[in-house]
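**Student:** protein.tsv is reproduced below (TSV, C-alpha atoms).
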chain	number	residue	atom	x	y	z
A	1	MET	CA	0.00	0.00	0.00
A	2	MET	CA	1.35	3.45	-0.91
A	3	SER	CA	1.99	5.80	2.02
A	4	LEU	CA	0.76	9.38	2.27
A	5	GLY	CA	4.21	10.86	1.55
A	6	GLU	CA	4.69	8.71	-1.52
A	7	SER	CA	1.32	9.81	-2.87
A	8	CYS	CA	2.22	13.51	-2.57
A	9	SER	CA	5.60	12.91	-4.24
A	10	LEU	CA	3.90	11.15	-7.13
A	11	LEU	CA	1.49	14.04	-7.66
A	12	GLN	CA	4.35	16.57	-7.67
A	13	ALA	CA	6.29	14.50	-10.22
A	14	LEU	CA	3.28	14.37	-12.53
A	15	ASN	CA	2.88	18.15	-12.37
A	16	PHE	CA	6.64	18.59	-13.11
A	17	PHE	CA	6.64	16.43	-16.25
A	18	PHE	CA	3.24	17.67	-17.48
A	19	PRO	CA	3.12	21.33	-16.45
A	20	ASN	CA	0.61	22.32	-19.16
A	21	SER	CA	-1.70	19.39	-18.68
A	22	SER	CA	-5.06	20.19	-17.14
A	23	GLN	CA	-5.55	16.58	-16.07
A	24	PHE	CA	-3.12	16.88	-13.18
A	25	ALA	CA	-3.57	20.57	-12.43
A	26	GLY	CA	-4.18	21.24	-8.80
A	27	LEU	CA	-3.70	17.66	-7.71
A	28	SER	CA	-0.65	18.54	-5.61
A	29	ASP	CA	-2.72	21.07	-3.67
A	30	ILE	CA	-5.18	18.41	-2.58
A	31	SER	CA	-4.73	17.59	1.05
A	32	ILE	CA	-5.47	14.03	2.04
A	33	SER	CA	-6.73	13.66	5.52
A	34	GLN	CA	-5.09	10.94	7.51
A	35	ASP	CA	-8.38	10.23	9.24
A	36	ILE	CA	-9.84	8.65	6.08
A	37	PRO	CA	-9.82	4.87	6.48
A	38	VAL	CA	-8.03	3.09	3.66
A	39	GLU	CA	-8.95	-0.42	4.71
A	40	GLY	CA	-12.37	-2.01	5.04
A	41	GLU	CA	-14.32	-5.27	5.17
A	42	ILE	CA	-16.85	-6.57	2.72
A	43	THR	CA	-19.82	-7.83	4.67
A	44	ILE	CA	-22.88	-9.76	3.48
A	45	PRO	CA	-26.21	-8.29	4.59
A	46	VAL	CA	-28.04	-10.23	7.24
A	47	ARG	CA	-31.14	-10.58	5.04
A	48	SER	CA	-29.09	-12.23	2.28
A	49	ARG	CA	-27.69	-14.71	4.75
A	50	VAL	CA	-31.15	-15.52	6.06
A	51	ARG	CA	-32.52	-15.92	2.51
A	52	GLU	CA	-29.66	-18.24	1.57
A	53	PHE	CA	-30.20	-20.27	4.73
A	54	ASP	CA	-33.92	-20.58	4.03
A	55	SER	CA	-33.38	-21.74	0.42
A	56	SER	CA	-31.10	-24.56	1.52
A	57	THR	CA	-32.73	-28.00	1.82
A	58	LEU	CA	-30.02	-29.51	4.00
A	59	ASN	CA	-31.85	-28.55	7.18
A	60	GLU	CA	-35.27	-29.39	5.75
A	61	SER	CA	-37.29	-32.11	7.46
A	62	VAL	CA	-38.20	-35.32	5.65
A	63	GLN	CA	-41.91	-34.45	5.79
A	64	ASN	CA	-41.36	-31.07	4.14
A	65	THR	CA	-39.21	-32.65	1.44
A	66	ILE	CA	-41.85	-35.29	0.64
A	67	MET	CA	-44.67	-32.73	0.59
A	68	ARG	CA	-42.66	-30.43	-1.67
A	69	ASP	CA	-41.98	-33.26	-4.13
A	70	LEU	CA	-45.63	-34.36	-4.08
A	71	LYS	CA	-46.77	-30.80	-4.83
A	72	ALA	CA	-44.34	-30.64	-7.75
A	73	VAL	CA	-45.67	-33.94	-9.12
A	74	GLY	CA	-49.26	-32.72	-8.69
A	75	LYS	CA	-48.52	-29.52	-10.63
A	76	LYS	CA	-47.11	-31.56	-13.52
A	77	PHE	CA	-50.25	-33.73	-13.49
A	78	MET	CA	-52.32	-30.57	-13.87
A	79	HIS	CA	-50.22	-29.50	-16.86
A	80	VAL	CA	-50.99	-32.85	-18.51
A	81	LEU	CA	-54.71	-32.60	-17.74
A	82	TYR	CA	-54.78	-29.11	-19.26
A	83	PRO	CA	-52.18	-29.43	-22.04
A	84	ARG	CA	-50.73	-26.21	-23.33
A	85	LYS	CA	-47.38	-25.13	-24.66
A	86	SER	CA	-45.25	-24.82	-21.56
A	87	ASN	CA	-41.72	-25.73	-20.55
A	88	THR	CA	-42.62	-26.73	-17.00
A	89	LEU	CA	-42.17	-30.45	-17.59
A	90	LEU	CA	-38.96	-29.81	-19.49
A	91	ARG	CA	-37.45	-27.34	-17.04
A	92	ASP	CA	-38.30	-29.12	-13.77
A	93	TRP	CA	-38.18	-32.72	-14.97
A	94	ASP	CA	-38.39	-35.69	-12.65
A	95	LEU	CA	-39.16	-39.40	-12.93
A	96	TRP	CA	-41.31	-39.80	-9.80
A	97	GLY	CA	-44.55	-39.15	-11.65
A	98	PRO	CA	-43.81	-41.58	-14.50
A	99	LEU	CA	-42.79	-44.24	-11.99
A	100	ILE	CA	-46.03	-43.82	-10.00
A	101	LEU	CA	-48.16	-43.96	-13.16
A	102	CYS	CA	-46.30	-46.98	-14.55
A	103	VAL	CA	-46.66	-48.97	-11.32
A	104	THR	CA	-50.35	-47.99	-10.98
A	105	LEU	CA	-51.12	-48.96	-14.57
A	106	ALA	CA	-49.26	-52.27	-14.22
A	107	LEU	CA	-51.13	-53.13	-11.01
A	108	MET	CA	-54.52	-52.39	-12.57
A	109	LEU	CA	-53.66	-54.56	-15.57
A	110	GLN	CA	-53.12	-57.57	-13.33
A	111	ARG	CA	-55.44	-60.52	-13.78
A	112	GLY	CA	-56.49	-61.84	-10.41
A	113	SER	CA	-55.96	-65.51	-11.22
A	114	VAL	CA	-56.19	-68.08	-8.48
A	115	ASP	CA	-53.92	-70.51	-10.32
A	116	SER	CA	-50.41	-70.37	-8.88
A	117	GLU	CA	-48.91	-70.80	-12.34
A	118	LYS	CA	-50.82	-67.74	-13.57
A	119	ASP	CA	-50.52	-65.42	-10.62
A	120	GLY	CA	-50.21	-62.26	-12.76
A	121	GLY	CA	-46.50	-61.70	-12.06
A	122	PRO	CA	-45.35	-61.76	-15.70
A	123	GLN	CA	-48.05	-59.26	-16.67
A	124	PHE	CA	-46.61	-56.70	-14.27
A	125	ALA	CA	-43.10	-57.10	-15.68
A	126	GLU	CA	-44.50	-57.01	-19.21
A	127	VAL	CA	-46.27	-53.69	-18.70
A	128	PHE	CA	-43.27	-52.23	-16.88
A	129	VAL	CA	-40.86	-53.20	-19.65
A	130	ILE	CA	-43.16	-52.04	-22.47
A	131	VAL	CA	-43.66	-48.61	-20.91
A	132	TRP	CA	-40.02	-47.90	-20.13
A	133	PHE	CA	-38.53	-49.57	-23.19
A	134	GLY	CA	-40.98	-47.70	-25.43
A	135	ALA	CA	-40.20	-44.38	-23.76
A	136	VAL	CA	-36.44	-44.95	-24.10
A	137	THR	CA	-36.83	-45.90	-27.78
A	138	ILE	CA	-38.84	-42.76	-28.55
A	139	THR	CA	-36.28	-40.64	-26.71
A	140	LEU	CA	-33.39	-42.12	-28.72
A	141	ASN	CA	-35.35	-41.57	-31.93
A	142	SER	CA	-35.91	-37.95	-30.96
A	143	LYS	CA	-32.21	-37.42	-30.30
A	144	LEU	CA	-31.22	-39.07	-33.61
A	145	LEU	CA	-33.61	-36.75	-35.46
A	146	GLY	CA	-31.78	-33.75	-34.03
A	147	GLY	CA	-34.15	-32.79	-31.23
A	148	ASN	CA	-32.89	-30.23	-28.72
A	149	ILE	CA	-34.23	-32.07	-25.68
A	150	SER	CA	-32.33	-34.07	-23.13
A	151	PHE	CA	-32.79	-37.77	-22.51
A	152	PHE	CA	-34.47	-37.47	-19.12
A	153	GLN	CA	-36.67	-34.55	-20.20
A	154	SER	CA	-38.19	-36.72	-22.93
A	155	LEU	CA	-38.70	-39.60	-20.49
A	156	CYS	CA	-40.40	-37.21	-18.08
A	157	VAL	CA	-42.86	-35.91	-20.69
A	158	LEU	CA	-43.70	-39.35	-22.10
A	159	GLY	CA	-44.15	-40.79	-18.62
A	160	TYR	CA	-46.38	-38.01	-17.31
A	161	CYS	CA	-48.57	-38.14	-20.43
A	162	ILE	CA	-49.58	-41.71	-19.51
A	163	LEU	CA	-51.90	-40.11	-16.94
A	164	PRO	CA	-54.97	-39.99	-19.28
A	165	LEU	CA	-54.51	-43.67	-20.16
A	166	THR	CA	-54.18	-44.55	-16.48
A	167	MET	CA	-57.49	-42.77	-15.88
A	168	ALA	CA	-58.98	-44.73	-18.80
A	169	MET	CA	-57.80	-47.97	-17.19
A	170	LEU	CA	-59.50	-47.00	-13.94
A	171	VAL	CA	-62.79	-46.27	-15.74
A	172	CYS	CA	-62.56	-49.56	-17.66
A	173	ARG	CA	-62.04	-51.49	-14.43
A	174	LEU	CA	-65.21	-49.92	-13.03
A	175	VAL	CA	-67.16	-50.61	-16.23
A	176	LEU	CA	-66.03	-54.25	-16.22
A	177	LEU	CA	-67.80	-54.72	-12.90
A	178	ALA	CA	-71.09	-54.67	-14.83
A	179	GLU	CA	-72.39	-57.42	-17.10
A	180	PRO	CA	-70.21	-57.93	-20.22
A	181	GLY	CA	-71.83	-57.09	-23.55
A	182	PRO	CA	-71.73	-54.83	-26.60
A	183	VAL	CA	-72.66	-51.74	-24.60
A	184	ASN	CA	-69.90	-52.46	-22.11
A	185	PHE	CA	-67.33	-52.74	-24.89
A	186	MET	CA	-68.54	-49.58	-26.66
A	187	VAL	CA	-68.24	-47.56	-23.46
A	188	ARG	CA	-64.70	-48.81	-22.89
A	189	LEU	CA	-63.79	-48.17	-26.53
A	190	PHE	CA	-65.06	-44.60	-26.34
A	191	VAL	CA	-63.15	-43.88	-23.12
A	192	VAL	CA	-59.90	-45.39	-24.41
A	193	ILE	CA	-60.08	-43.45	-27.70
A	194	ILE	CA	-60.66	-40.15	-25.89
A	195	MET	CA	-57.82	-40.72	-23.44
A	196	PHE	CA	-55.53	-41.96	-26.23
A	197	ALA	CA	-56.08	-38.72	-28.13
A	198	TRP	CA	-55.56	-36.76	-24.91
A	199	SER	CA	-52.16	-38.39	-24.35
A	200	ILE	CA	-51.11	-37.66	-27.93
A	201	VAL	CA	-52.13	-34.00	-27.71
A	202	ALA	CA	-50.49	-33.53	-24.31
A	203	SER	CA	-47.19	-35.12	-25.33
A	204	THR	CA	-46.93	-33.25	-28.63
A	205	ALA	CA	-47.69	-29.96	-26.89
A	206	PHE	CA	-44.48	-30.37	-24.89
A	207	LEU	CA	-42.29	-32.15	-27.46
A	208	ALA	CA	-43.29	-30.48	-30.75
A	209	ASP	CA	-41.08	-27.41	-30.39
A	210	SER	CA	-38.03	-29.51	-29.51
A	211	GLN	CA	-37.91	-31.16	-32.96
A	212	PRO	CA	-36.73	-29.73	-36.31
A	213	PRO	CA	-39.68	-28.36	-38.35
A	214	ASN	CA	-39.15	-30.79	-41.22
A	215	ARG	CA	-38.95	-33.86	-38.96
A	216	LYS	CA	-41.86	-33.39	-36.58
A	217	ALA	CA	-43.90	-36.13	-38.27
A	218	LEU	CA	-41.07	-38.62	-37.84
A	219	ALA	CA	-40.87	-37.72	-34.15
A	220	VAL	CA	-44.64	-37.90	-33.50
A	221	TYR	CA	-45.22	-41.22	-35.27
A	222	PRO	CA	-43.36	-43.36	-32.64
A	223	VAL	CA	-45.24	-41.51	-29.91
A	224	PHE	CA	-48.50	-42.48	-31.63
A	225	LEU	CA	-47.44	-46.15	-31.70
A	226	PHE	CA	-46.30	-46.04	-28.07
A	227	TYR	CA	-49.61	-44.82	-26.70
A	228	PHE	CA	-51.53	-47.02	-29.14
A	229	VAL	CA	-49.92	-50.18	-27.70
A	230	ILE	CA	-50.79	-49.10	-24.15
A	231	SER	CA	-54.35	-48.25	-25.22
A	232	TRP	CA	-54.73	-51.66	-26.87
A	233	MET	CA	-53.59	-53.38	-23.66
A	234	ILE	CA	-56.21	-51.42	-21.73
A	235	LEU	CA	-59.01	-52.09	-24.19
A	236	THR	CA	-58.36	-55.84	-24.44
A	237	PHE	CA	-57.99	-56.30	-20.69
A	238	THR	CA	-60.43	-58.83	-19.23
A	239	PRO	CA	-60.23	-59.82	-15.56
A	240	GLN	CA	-60.23	-63.50	-14.75
Now, as a test, write the supplied structure out as structure tokens.

**Tutor:**
Amino acid sequence: MMSLGESCSLLQALNFFFPNSSQFAGLSDISISQDIPVEGEITIPVRSRVREFDSSTLNESVQNTIMRDLKAVGKKFMHVLYPRKSNTLLRDWDLWGPLILCVTLALMLQRGSVDSEKDGGPQFAEVFVIVWFGAVTITLNSKLLGGNISFFQSLCVLGYCILPLTMAMLVCRLVLLAEPGPVNFMVRLFVVIIMFAWSIVASTAFLADSQPPNRKALAVYPVFLFYFVISWMILTFTPQ
């Protein structure tokens, strides 16, 4: 750090070498008070520290963490029920919702057989593999077509958009409690078609902008097949 005497000497030297310069005129006459502090400390405001402490989740209880995650999943479900162009599913992606929907759909597709050799176990694994393998295949296809979406973002969107088909499976299970017949099948067919279209519209609303304009049809076609297979499994389901 330069002392007070050295500062005055520097100002005098500048005035000697540049006598006609107005930039340094009068600088030597400036008196620097020795009472002015030349050292200080950078401090962080107390409010900033409190805000940073509150935003940290390290001290958050398990109950608050679970409730926060459940609220986030519920908000994404609402975005699927009311599909519109939004980047919520892409920005705050997670796989909790797809996992819950996949397990729920697989459990409802179980056939309650009494026979030990047909206890419904393979059906659960079959549904689980079809859902996740289909979602991974569509995601890889999207990346190969030049889509600007990450792997897990695509899985998140495809998984959350199974929600309408899961609701269709629930309605079909309730309808199957009545007597089987043509009316029963027509009601289930109508519900599955509506929910199938809902899943297609919801998924394309989130994924359409992430694909090149000249390749959107190639990206939507596998999505159509993916939800069609799940819809066919729901429509042809018959409890034993």

**Student:** Suppose you want the space between atom CA of Asp69 of chain A and atom CA of Gly159 of chain A; what is it in Å?

**Tutor:**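 Between atom CA of Asp69 of chain A and atom CA of Gly159 of chain A the gap is 16.5 Å.
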
**Student:** Rounded to one decimal, what separation in Å do you get between atom CA of Ala217 of chain A and atom CA of Asn148 of chain A?

**Tutor:**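 Atom-to-atom, atom CA of Ala217 of chain A to atom CA of Asn148 of chain A, that is 15.7 Å.
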
**Student:** Could you check which residues have any atom within 7 Å of (-57.4, -58.6, -19.6), counting only C-alpha atoms with coordinates taken straight from the file, and then list them as an MDAnalysis selection string?

**Tutor:** chainID A and resid 109 111 236:239

**Student:** Counting only C-alpha atoms, which residues come within 10 Å of (-45.7, -53.1, -18.0), with the point read in the file's coordinates, and could you list them as a PDB file with C-alpha atoms, keeping the file's coordinate frame?

**Tutor:**
ATOM      1  CA  CYS A 102     -46.300 -46.980 -14.550  1.00  0.00           C
ATOM      2  CA  VAL A 103     -46.660 -48.970 -11.320  1.00  0.00           C
ATOM      3  CA  THR A 104     -50.350 -47.990 -10.980  1.00  0.00           C
ATOM      4  CA  LEU A 105     -51.120 -48.960 -14.570  1.00  0.00           C
ATOM      5  CA  ALA A 106     -49.260 -52.270 -14.220  1.00  0.00           C
ATOM      6  CA  LEU A 107     -51.130 -53.130 -11.010  1.00  0.00           C
ATOM      7  CA  LEU A 109     -53.660 -54.560 -15.570  1.00  0.00           C
ATOM      8  CA  GLN A 110     -53.120 -57.570 -13.330  1.00  0.00           C
ATOM      9  CA  PRO A 122     -45.350 -61.760 -15.700  1.00  0.00           C
ATOM     10  CA  GLN A 123     -48.050 -59.260 -16.670  1.00  0.00           C
ATOM     11  CA  PHE A 124     -46.610 -56.700 -14.270  1.00  0.00           C
ATOM     12  CA  ALA A 125     -43.100 -57.100 -15.680  1.00  0.00           C
ATOM     13  CA  GLU A 126     -44.500 -57.010 -19.210  1.00  0.00           C
ATOM     14  CA  VAL A 127     -46.270 -53.690 -18.700  1.00  0.00           C
ATOM     15  CA  PHE A 128     -43.270 -52.230 -16.880  1.00  0.00           C
ATOM     16  CA  VAL A 129     -40.860 -53.200 -19.650  1.00  0.00           C
ATOM     17  CA  ILE A 130     -43.160 -52.040 -22.470  1.00  0.00           C
ATOM     18  CA  VAL A 131     -43.660 -48.610 -20.910  1.00  0.00           C
ATOM     19  CA  TRP A 132     -40.020 -47.900 -20.130  1.00  0.00           C
ATOM     20  CA  PHE A 133     -38.530 -49.570 -23.190  1.00  0.00           C
ATOM     21  CA  ILE A 230     -50.790 -49.100 -24.150  1.00  0.00           C
ATOM     22  CA  MET A 233     -53.590 -53.380 -23.660  1.00  0.00           C
TER      23      MET A 233
END

**Student:** Where's the centre, and what are the edge lengths in Å to one decimal, of a box along x, y and z enclosing all listed atoms of segment 106-109 of chain A padded 3 Å per side, as JSON?

**Tutor:**
{"center_x": -51.9, "center_y": -53.4, "center_z": -13.3, "size_x": 11.3, "size_y": 8.3, "size_z": 10.6}

**Student:** Which distance in Å separates atom CA of Val191 of chain A and atom CA of Trp232 of chain A, to one decimal?

**Tutor:**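 For atom CA of Val191 of chain A relative to atom CA of Trp232 of chain A, the distance reads 12.1 Å.
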
**Student:** Determine the nearest neighbour of Leu99 of chain A from the options A:Cys161, A:Thr137, A:Leu144, A:Asn59, counting all atoms listed in the file.

**Tutor:**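 Of A:Cys161, A:Thr137, A:Leu144, A:Asn59, the one nearest Leu99 of chain A is A:Cys161, counting all atoms listed in the file.
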
**Student:** Set the distance at 12 Å and use only C-alpha atoms: which residues neighbour Thr204 of chain A once local chain neighbours fewer than 3 positions away are removed? I'd like the list as a PyMOL selection string.

**Tutor:** chain A and resi 80+83-86+154+157-158+161+197-201+207-211+216-217+219-224

**Student:** Using all atoms listed in the file, pick whichever of A:Arg68, A:Arg91, A:Arg188, A:Lys76 has the shortest atom-to-atom distance to Phe152 of chain A.

**Tutor:**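 Counting all atoms listed in the file, the residue closest to Phe152 of chain A is A:Arg91.
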
**Student:** May I ask which of the residues A:Ser203, A:Pro213, A:Ile234, A:Leu145 is the closest one to Phe185 of chain A, counting only C-alpha atoms?

**Tutor:**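 Residue with the minimum atom-to-atom distance to Phe185 of chain A: A:Ile234.
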
**Student:** So, counting all atoms listed in the file, which residue among A:Pro212, A:Tyr82, A:Val229, A:Ile66 is closest to Gly147 of chain A?

**Tutor:**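 For Gly147 of chain A, the nearest of the candidates is A:Pro212.
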
**Student:** Taking into account all atoms listed in the file, which residue in the set A:Ile149, A:Met67, A:Leu170, A:Ala135 is nearest to Phe206 of chain A?

**Tutor:**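 Of A:Ile149, A:Met67, A:Leu170, A:Ala135, the one nearest Phe206 of chain A is A:Ile149, counting all atoms listed in the file.
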